[in-house]
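*Asks:* Sending over start-v3.txt (compact mmCIF, C-alpha atoms).
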```
# COMPACT_ATOMS: atom_id res chain seq x y z
CA MET S 1 198.20 21.90 78.40
CA SER S 2 196.14 18.72 78.13
CA GLU S 3 196.29 16.50 75.05
CA PRO S 4 193.33 16.54 72.64
CA THR S 5 190.77 13.97 73.78
CA VAL S 6 189.65 13.07 70.26
CA LYS S 7 191.76 12.00 67.30
CA CYS S 8 192.17 13.90 64.06
CA GLU S 9 190.19 11.27 62.11
CA GLU S 10 187.24 11.74 64.43
CA VAL S 11 187.43 15.52 64.13
CA LEU S 12 187.58 15.44 60.34
CA LYS S 13 184.63 13.06 60.26
CA HIS S 14 182.46 15.58 62.12
CA LEU S 15 184.12 18.80 60.94
CA ILE S 16 181.57 19.81 58.32
CA ALA S 17 178.63 19.09 60.61
CA TYR S 18 180.43 21.10 63.29
CA LEU S 19 180.88 24.07 60.94
CA ASP S 20 177.20 23.75 60.02
CA ARG S 21 176.37 23.79 63.75
CA GLU S 22 174.79 20.37 63.47
CA THR S 23 176.75 18.55 66.16
CA ASP S 24 175.61 18.18 69.75
CA ALA S 25 177.19 20.43 72.36
CA HIS S 26 179.50 17.72 73.70
CA THR S 27 180.92 16.89 70.25
CA ALA S 28 181.27 20.58 69.44
CA ALA S 29 183.23 21.16 72.65
CA GLU S 30 185.54 18.22 71.88
CA ILE S 31 186.18 19.51 68.38
CA GLU S 32 186.85 23.03 69.61
CA GLN S 33 189.34 21.74 72.14
CA HIS S 34 191.07 19.69 69.45
CA LEU S 35 191.21 22.64 67.04
CA GLU S 36 192.89 24.75 69.69
CA GLN S 37 195.72 22.24 69.90
CA CYS S 38 196.07 20.71 66.44
CA ARG S 39 197.48 23.00 63.75
CA SER S 40 196.68 20.59 60.92
CA CYS S 41 192.98 20.24 61.80
CA PHE S 42 192.74 23.96 62.60
CA SER S 43 194.10 24.76 59.15
CA ARG S 44 191.56 22.43 57.53
CA ALA S 45 188.72 23.91 59.57
CA GLU S 46 189.73 27.46 58.64
CA PHE S 47 189.85 26.52 54.97
CA GLU S 48 186.36 25.01 55.02
CA ARG S 49 185.07 27.97 57.05
CA GLN S 50 186.51 30.49 54.59
CA LEU S 51 185.17 28.62 51.59
CA LYS S 52 181.72 28.51 53.16
CA ALA S 53 181.95 32.26 53.84
CA ARG S 54 182.97 32.92 50.23
CA VAL S 55 180.02 30.88 48.95
CA ARG S 56 177.71 32.83 51.23
CA ALA S 57 179.16 36.22 50.25
CA ALA S 58 179.16 35.50 46.52
CA GLY S 59 175.36 35.62 46.49
CA SER S 60 175.07 39.36 46.93
CA ARG S 61 173.82 41.12 43.82
CA SER S 62 172.55 44.53 42.84
CA ALA S 63 168.96 44.22 41.77
CA PRO S 64 168.21 45.63 38.31
CA GLU S 65 166.57 49.07 38.35
CA ARG S 66 163.52 47.67 36.55
CA LEU S 67 162.98 45.26 39.47
CA ARG S 68 163.34 48.10 41.97
CA ALA S 69 160.77 50.11 40.05
CA ARG S 70 158.47 47.09 39.84
CA ILE S 71 158.68 46.49 43.60
CA ARG S 72 158.10 50.17 44.41
CA LYS S 73 155.02 50.19 42.21
CA LEU S 74 153.77 46.96 43.76
CA VAL S 75 154.23 48.27 47.30
CA ASP S 76 152.57 51.58 46.42
CA GLU S 77 149.48 49.64 45.39
CA PHE S 78 149.20 47.84 48.74
CA MET Q 1 145.62 50.75 55.98
CA ASP Q 2 148.09 51.57 58.75
CA ALA Q 3 150.42 54.20 57.23
CA GLY Q 4 153.18 53.39 59.72
CA LEU Q 5 153.03 49.71 58.86
CA HIS Q 6 153.08 50.43 55.15
CA SER Q 7 156.04 52.75 55.57
CA PHE Q 8 157.89 50.13 57.65
CA PHE Q 9 157.24 47.51 55.00
CA ALA Q 10 158.25 49.75 52.09
CA GLU Q 11 161.53 50.75 53.75
CA LYS Q 12 162.41 47.18 54.66
CA VAL Q 13 161.67 45.85 51.19
CA GLU Q 14 163.63 48.65 49.53
CA ARG Q 15 166.66 47.84 51.68
CA LEU Q 16 166.38 44.08 51.17
CA THR Q 17 165.74 44.01 47.43
CA ASP Q 18 169.38 43.34 46.53
CA ARG Q 19 169.64 40.46 48.97
CA LEU Q 20 166.33 38.95 47.91
CA TYR Q 21 167.33 39.22 44.27
CA GLY Q 22 170.73 37.64 44.94
CA THR Q 23 169.14 34.63 46.61
CA ALA Q 24 166.44 34.39 43.96
CA LEU Q 25 169.02 34.46 41.19
CA ARG Q 26 170.97 31.65 42.79
CA LEU Q 27 167.87 29.55 43.20
CA THR Q 28 166.36 30.15 39.77
CA ARG Q 29 169.56 30.70 37.72
CA ASN Q 30 167.54 33.05 35.52
CA SER Q 31 167.17 36.82 35.94
CA ASP Q 32 163.56 37.02 34.73
CA ASP Q 33 162.48 34.18 37.01
CA ALA Q 34 164.44 35.75 39.87
CA GLU Q 35 162.63 39.07 39.42
CA ASP Q 36 159.26 37.30 39.35
CA LEU Q 37 160.19 35.38 42.49
CA VAL Q 38 161.12 38.57 44.35
CA ALA Q 39 157.86 40.26 43.31
CA GLU Q 40 155.82 37.24 44.37
CA THR Q 41 157.69 37.15 47.67
CA VAL Q 42 156.97 40.81 48.38
CA ALA Q 43 153.27 40.34 47.60
CA LYS Q 44 153.06 37.30 49.89
CA ALA Q 45 154.96 39.07 52.64
CA TRP Q 46 152.55 41.99 52.58
CA ALA Q 47 149.57 39.62 52.70
CA LYS Q 48 151.08 37.78 55.68
CA LEU Q 49 152.49 40.78 57.51
CA GLY Q 50 149.98 40.31 60.33
CA GLU Q 51 151.65 36.97 61.12
CA LEU Q 52 155.01 38.60 61.82
CA SER Q 53 155.19 38.75 65.60
CA ASP Q 54 158.59 40.43 65.91
CA PRO Q 55 159.38 43.27 63.48
CA GLN Q 56 163.09 42.78 64.16
CA SER Q 57 162.93 39.35 62.53
CA PHE Q 58 161.52 40.80 59.29
CA ASP Q 59 164.70 40.18 57.24
CA ALA Q 60 164.89 36.46 58.02
CA TRP Q 61 161.11 36.15 57.75
CA ILE Q 62 160.87 37.51 54.21
CA GLN Q 63 163.92 35.49 53.12
CA ARG Q 64 162.09 32.38 54.29
CA ILE Q 65 159.02 33.36 52.33
CA LEU Q 66 161.20 33.61 49.24
CA SER Q 67 162.81 30.20 49.84
CA ASN Q 68 159.44 28.61 50.62
CA THR Q 69 157.87 30.08 47.49
CA PHE Q 70 160.68 28.83 45.28
CA VAL Q 71 160.87 25.36 46.82
CA SER Q 72 157.12 24.91 46.69
CA GLU Q 73 157.14 25.63 42.95
CA TRP Q 74 160.25 23.49 42.45
CA ARG Q 75 158.68 20.51 44.21
CA HIS Q 76 155.62 20.91 42.06
CA ARG Q 77 157.73 20.89 38.87
CA ARG Q 78 159.74 18.01 40.22
CA ALA Q 79 156.65 15.85 40.31
CA SER Q 80 156.66 16.05 36.52
CA PRO Q 81 158.39 12.90 35.18
CA GLU Q 82 160.10 14.65 32.29
CA VAL Q 83 161.99 17.02 34.55
CA ALA Q 84 162.54 14.66 37.48
CA MET Q 85 165.73 13.22 36.01
CA GLU Q 86 167.35 16.59 35.60
CA LEU Q 87 166.29 17.79 39.02
CA GLU Q 88 167.22 14.77 41.10
CA PRO Q 89 170.73 13.46 40.49
CA GLU Q 90 171.08 9.75 40.82
CA ASP Q 91 172.95 8.26 43.72
CA GLY Q 92 176.54 7.33 43.13
CA GLY Q 93 178.81 8.33 40.30
CA ASP Q 94 180.50 11.10 42.22
CA GLU Q 95 183.40 10.47 44.50
CA PRO Q 96 184.20 12.49 47.61
CA PHE Q 97 186.46 15.42 46.75
CA SER Q 98 188.31 17.85 48.97
CA LEU Q 99 189.87 21.00 47.56
CA TYR Q 100 191.91 21.31 50.74
CA GLU Q 101 193.41 17.86 50.29
CA LYS Q 102 194.15 18.59 46.63
CA LEU Q 103 196.01 21.72 47.66
CA HIS Q 104 198.06 19.68 50.08
CA GLN Q 105 199.51 17.34 47.52
CA PRO Q 106 203.27 17.05 47.85
CA PHE Q 107 204.00 19.13 44.75
CA LEU Q 108 202.32 22.13 46.37
CA LEU Q 109 203.62 21.74 49.88
CA TRP Q 110 206.87 23.62 49.26
CA TRP Q 111 204.76 26.69 49.72
CA THR Q 112 203.43 27.40 53.19
CA THR Q 113 199.71 28.04 52.79
CA PRO Q 114 198.53 27.30 49.24
CA GLU Q 115 194.93 26.99 50.38
CA GLU Q 116 194.79 30.57 51.67
CA GLU Q 117 196.21 31.92 48.44
CA VAL Q 118 193.78 29.99 46.28
CA ILE Q 119 190.77 30.94 48.39
CA ALA Q 120 191.83 34.60 48.21
CA LYS Q 121 192.21 34.46 44.43
CA LEU Q 122 188.83 32.91 43.76
CA LEU Q 123 186.54 35.53 42.27
CA ARG Q 124 182.89 35.83 43.08
CA GLU Q 125 182.12 34.81 39.51
CA ASP Q 126 184.23 31.66 39.90
CA ILE Q 127 182.11 30.57 42.83
CA ASP Q 128 178.92 31.65 41.11
CA ARG Q 129 179.82 29.66 38.02
CA ALA Q 130 180.57 26.58 40.09
CA LEU Q 131 177.28 26.91 41.95
CA HIS Q 132 175.41 27.52 38.73
CA ALA Q 133 176.74 24.24 37.33
CA LEU Q 134 175.32 22.16 40.19
CA PRO Q 135 172.14 20.13 39.66
CA ASP Q 136 169.08 21.85 41.16
CA ALA Q 137 168.79 19.55 44.17
CA PHE Q 138 172.42 20.18 45.14
CA ARG Q 139 172.38 23.91 44.51
CA ILE Q 140 169.19 24.39 46.53
CA ALA Q 141 170.69 22.50 49.48
CA ILE Q 142 173.77 24.75 49.40
CA VAL Q 143 171.71 27.93 49.15
CA LEU Q 144 169.39 26.94 51.98
CA VAL Q 145 172.11 25.82 54.40
CA ASP Q 146 175.21 27.83 53.48
CA VAL Q 147 173.59 31.03 52.29
CA GLU Q 148 170.31 31.20 54.15
CA GLY Q 149 171.45 29.48 57.32
CA TYR Q 150 168.79 26.77 57.49
CA SER Q 151 169.52 23.85 59.79
CA TYR Q 152 169.57 20.41 58.14
CA GLY Q 153 166.22 19.70 59.80
CA GLU Q 154 164.63 22.91 58.54
CA ALA Q 155 165.91 22.30 55.02
CA ALA Q 156 164.61 18.71 55.13
CA GLU Q 157 161.18 19.87 56.23
CA LEU Q 158 161.02 22.54 53.55
CA LEU Q 159 162.17 20.15 50.83
CA GLY Q 160 160.01 17.28 52.06
CA VAL Q 161 162.91 14.83 52.28
CA PRO Q 162 164.61 12.95 55.15
CA ILE Q 163 167.37 14.78 56.98
CA GLY Q 164 169.86 12.18 55.70
CA THR Q 165 169.01 13.21 52.15
CA VAL Q 166 169.85 16.82 52.94
CA ARG Q 167 173.15 15.72 54.50
CA SER Q 168 173.94 13.56 51.48
CA ARG Q 169 173.04 16.28 48.97
CA LEU Q 170 175.17 18.80 50.83
CA ALA Q 171 178.17 16.48 50.90
CA ARG Q 172 177.86 15.71 47.20
CA ALA Q 173 177.19 19.34 46.33
CA ARG Q 174 180.26 20.53 48.20
CA ALA Q 175 182.42 17.83 46.65
CA GLN Q 176 181.21 18.79 43.18
CA LEU Q 177 181.65 22.49 43.91
CA GLN Q 178 185.20 21.97 45.13
CA ARG Q 179 186.03 19.78 42.16
CA VAL Q 180 184.90 22.53 39.79
CA LEU Q 181 186.89 25.14 41.74
CA TRP Q 182 189.98 22.94 41.63
CA GLN Q 183 189.65 22.52 37.88
CA HIS Q 184 189.10 26.25 37.54
CA GLY Q 185 192.15 26.94 39.70
CA LYS Q 186 194.23 24.89 37.28
CA ASP Q 187 192.66 26.36 34.13
CA ALA Q 188 192.97 29.94 35.38
CA GLY Q 189 196.58 29.49 36.37
CA LEU Q 190 196.01 30.01 40.09
CA LEU Q 191 198.47 27.20 40.75
CA GLU Q 192 201.04 28.17 38.15
CA ARG Q 193 203.27 29.88 40.67
CA HIS Q 194 203.57 26.69 42.63
CA MET Q 195 204.08 24.49 39.63
CA SER Q 196 206.66 26.73 37.90
CA ALA Q 197 208.60 27.20 41.12
CA LYS Q 198 208.59 23.46 41.59
CA ALA Q 199 209.96 23.05 38.06
CA HIS Q 200 212.76 25.53 38.81
CA ASN Q 201 213.64 23.69 41.98
CA VAL Q 202 213.92 20.33 40.33
```
Could you quickly redo this structure as C-alpha cells?
*Replies:*
Amino acid sequence: MSEPTVKCEEVLKHLIAYLDRETDAHTAAEIEQHLEQCRSCFSRAEFERQLKARVRAAGSRSAPERLRARIRKLVDEF
Amino acid sequence: MDAGLHSFFAEKVERLTDRLYGTALRLTRNSDDAEDLVAETVAKAWAKLGELSDPQSFDAWIQRILSNTFVSEWRHRRASPEVAMELEPEDGGDEPFSLYEKLHQPFLLWWTTPEEEVIAKLLREDIDRALHALPDAFRIAIVLVDVEGYSYGEAAELLGVPIGTVRSRLARARAQLQRVLWQHGKDAGLLERHMSAKAHNV
C-alpha cells in the first residue's frame, strides 16, 4: 500500500472544510486517501462527523398540536 | 384552484410540519416565534408554488423559504443599532477549542475511545442547550450549514456577508459549542468513569 501523500497537519487543517464538502475534488481525494491509511486522523474525522450528525439530528421536534391545527386551517383557506 | 395541486401541497406541509418547526425553533429560540415563522413560510410557499419546477424538490424548497424568511427578518432587525451588539459577536476573545483534543488528554487516554463514549452519552437536550447558548450569528451559521446543508457560498449569499465571514463564524460557533459540551460533560459526570478509574490506578 502506498504511503499517504499529505501529512496529518495538512489533513487536519482542511478536515472541517472536507466534512462540509467545501474542498476541491483534488484535496478531497488526498484527504480520503490519507484517512484510509491513518488511524489517528480517521478517528478525528469520525468524531467530527458524528458530532455534526448529532447536531443535525437534535433539531427534530414534534410540532405542537395548536400549530398543526393552525396550518391545516391556513391551508384549507388557500 | 387545482384540487390536485392543493392536495399535494396539503399533504406535503402536513408531513413536513415537524421538521419546519424544529428548524424554526432553532433559529428563533422561541416557540411562539417559531410557530409564526412556520405559518408565514407555508403562506409564502403556497403563493410561490408556481415557481417550483420539480415537485420532488418540494422539501428542500420550503425549508429554504423558511430560512430565507427568518434571515431576511433577522437582517432587518440587525440593522437596528441597539440589537446589533447582541447579534454580531465581536472578533477575538474566543480561542480555538476542540472537544476531540480535550478528550485525548493523557488522563483520559487509558481508555480506548473516550470520544465515542462521550458522543453517545450526549443527549439531544445537551446539544440543544449548547446551540441555544450561541450568539445569533453563530447559531444561524450552524443551522444553515450543519442542519440545512447550505454550502458556505449559499449561506454567505443569504446572510449578505463574505464567504470568509461564514467560515469564521462556523469555526467560532463550533469551538464555542464544543467548549460548552466539554463543560457539560464534566458537570454531568460523563467523564467520571475515566477520572475515578485513573484515581484507582494511581
*Asks:* Please report as a VMD selection string which residues of chain Q come no farther than 9 Å from chain S, using only C-alpha atoms.
*Replies:* chain Q and resid 1 6 9 to 10 13 to 14 17 to 23 25 to 26 35 to 36 38 to 39 42 to 43 46 100 to 101 115 to 116 119 122 to 125 127 to 128 131 142 to 143 145 to 149 151 to 152 167 171
*Asks:* For the selection just defined, write its residues with C-alpha atoms to a file, as a JSON list (two decimals), keeping the file's coordinate frame.
*Replies:*
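selection_26.json written:
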```
[["chain", "number", "residue", "atom", "x", "y", "z"],
["Q", 1, "MET", "CA", 145.62, 50.75, 55.98],
["Q", 6, "HIS", "CA", 153.08, 50.43, 55.15],
["Q", 9, "PHE", "CA", 157.24, 47.51, 55.00],
["Q", 10, "ALA", "CA", 158.25, 49.75, 52.09],
["Q", 13, "VAL", "CA", 161.67, 45.85, 51.19],
["Q", 14, "GLU", "CA", 163.63, 48.65, 49.53],
["Q", 17, "THR", "CA", 165.74, 44.01, 47.43],
["Q", 18, "ASP", "CA", 169.38, 43.34, 46.53],
["Q", 19, "ARG", "CA", 169.64, 40.46, 48.97],
["Q", 20, "LEU", "CA", 166.33, 38.95, 47.91],
["Q", 21, "TYR", "CA", 167.33, 39.22, 44.27],
["Q", 22, "GLY", "CA", 170.73, 37.64, 44.94],
["Q", 23, "THR", "CA", 169.14, 34.63, 46.61],
["Q", 25, "LEU", "CA", 169.02, 34.46, 41.19],
["Q", 26, "ARG", "CA", 170.97, 31.65, 42.79],
["Q", 35, "GLU", "CA", 162.63, 39.07, 39.42],
["Q", 36, "ASP", "CA", 159.26, 37.30, 39.35],
["Q", 38, "VAL", "CA", 161.12, 38.57, 44.35],
["Q", 39, "ALA", "CA", 157.86, 40.26, 43.31],
["Q", 42, "VAL", "CA", 156.97, 40.81, 48.38],
["Q", 43, "ALA", "CA", 153.27, 40.34, 47.60],
["Q", 46, "TRP", "CA", 152.55, 41.99, 52.58],
["Q", 100, "TYR", "CA", 191.91, 21.31, 50.74],
["Q", 101, "GLU", "CA", 193.41, 17.86, 50.29],
["Q", 115, "GLU", "CA", 194.93, 26.99, 50.38],
["Q", 116, "GLU", "CA", 194.79, 30.57, 51.67],
["Q", 119, "ILE", "CA", 190.77, 30.94, 48.39],
["Q", 122, "LEU", "CA", 188.83, 32.91, 43.76],
["Q", 123, "LEU", "CA", 186.54, 35.53, 42.27],
["Q", 124, "ARG", "CA", 182.89, 35.83, 43.08],
["Q", 125, "GLU", "CA", 182.12, 34.81, 39.51],
["Q", 127, "ILE", "CA", 182.11, 30.57, 42.83],
["Q", 128, "ASP", "CA", 178.92, 31.65, 41.11],
["Q", 131, "LEU", "CA", 177.28, 26.91, 41.95],
["Q", 142, "ILE", "CA", 173.77, 24.75, 49.40],
["Q", 143, "VAL", "CA", 171.71, 27.93, 49.15],
["Q", 145, "VAL", "CA", 172.11, 25.82, 54.40],
["Q", 146, "ASP", "CA", 175.21, 27.83, 53.48],
["Q", 147, "VAL", "CA", 173.59, 31.03, 52.29],
["Q", 148, "GLU", "CA", 170.31, 31.20, 54.15],
["Q", 149, "GLY", "CA", 171.45, 29.48, 57.32],
["Q", 151, "SER", "CA", 169.52, 23.85, 59.79],
["Q", 152, "TYR", "CA", 169.57, 20.41, 58.14],
["Q", 167, "ARG", "CA", 173.15, 15.72, 54.50],
["Q", 171, "ALA", "CA", 178.17, 16.48, 50.90]]
```
*Asks:* Choose the residue, out of S:His14, S:Lys73, S:Lys7, S:His26, that has the smallest atom-to-atom separation from S:Ser40; count only C-alpha atoms.
*Replies:*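 Of S:His14, S:Lys73, S:Lys7, S:His26, the one nearest S:Ser40, counting only C-alpha atoms, is S:Lys7.
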*Asks:* May I ask for the distance between atom CA of S:His34 and atom CA of S:Thr5, given in Å to one decimal place?
*Replies:*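 Atom-to-atom, atom CA of S:His34 to atom CA of S:Thr5, that is 7.2 Å.
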*Asks:* Rounded to one decimal place, report the atom CA of Q:Phe138-atom CA of Q:Arg172 distance in Å.
*Replies:*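 Computing it gives 7.3 Å between the two atoms.
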*Asks:* Identify the residues within 10 Å of coordinate (178.8, 14.8, 67.2) (same frame as the file), considering all atoms listed in the file, and give the answer as a list in words.
*Replies:*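 With a cut-off of 10 Å, the residues come to Glu10, Val11, Lys13, His14, Leu15, Ala17, Tyr18, Arg21, Glu22, Thr23, Asp24, Ala25, His26, Thr27, Ala28, Ala29, Glu30 and Ile31 of chain S.
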*Asks:* What does the distance from atom CA of Q:Thr41 to atom CA of Q:Ile65 come to in Å, to one decimal?
*Replies:*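 Interatomic distance here is 6.2 Å.
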*Asks:* Would you please work out which residue, of Q:His132, Q:Ser72, Q:Leu49, Q:Asp126, is nearest to Q:Gly160 when using only C-alpha atoms?
*Replies:*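 Once distances to Q:Gly160 are computed over only C-alpha atoms, the minimum belongs to Q:Ser72.
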*Asks:* So which residues fall inside 7 Å of (160.0, 43.8, 59.6) if we count only C-alpha atoms? Mind giving them as JSON, numbers by chain?
*Replies:* {"Q": [8, 9, 12, 55, 56, 57, 58, 59]}
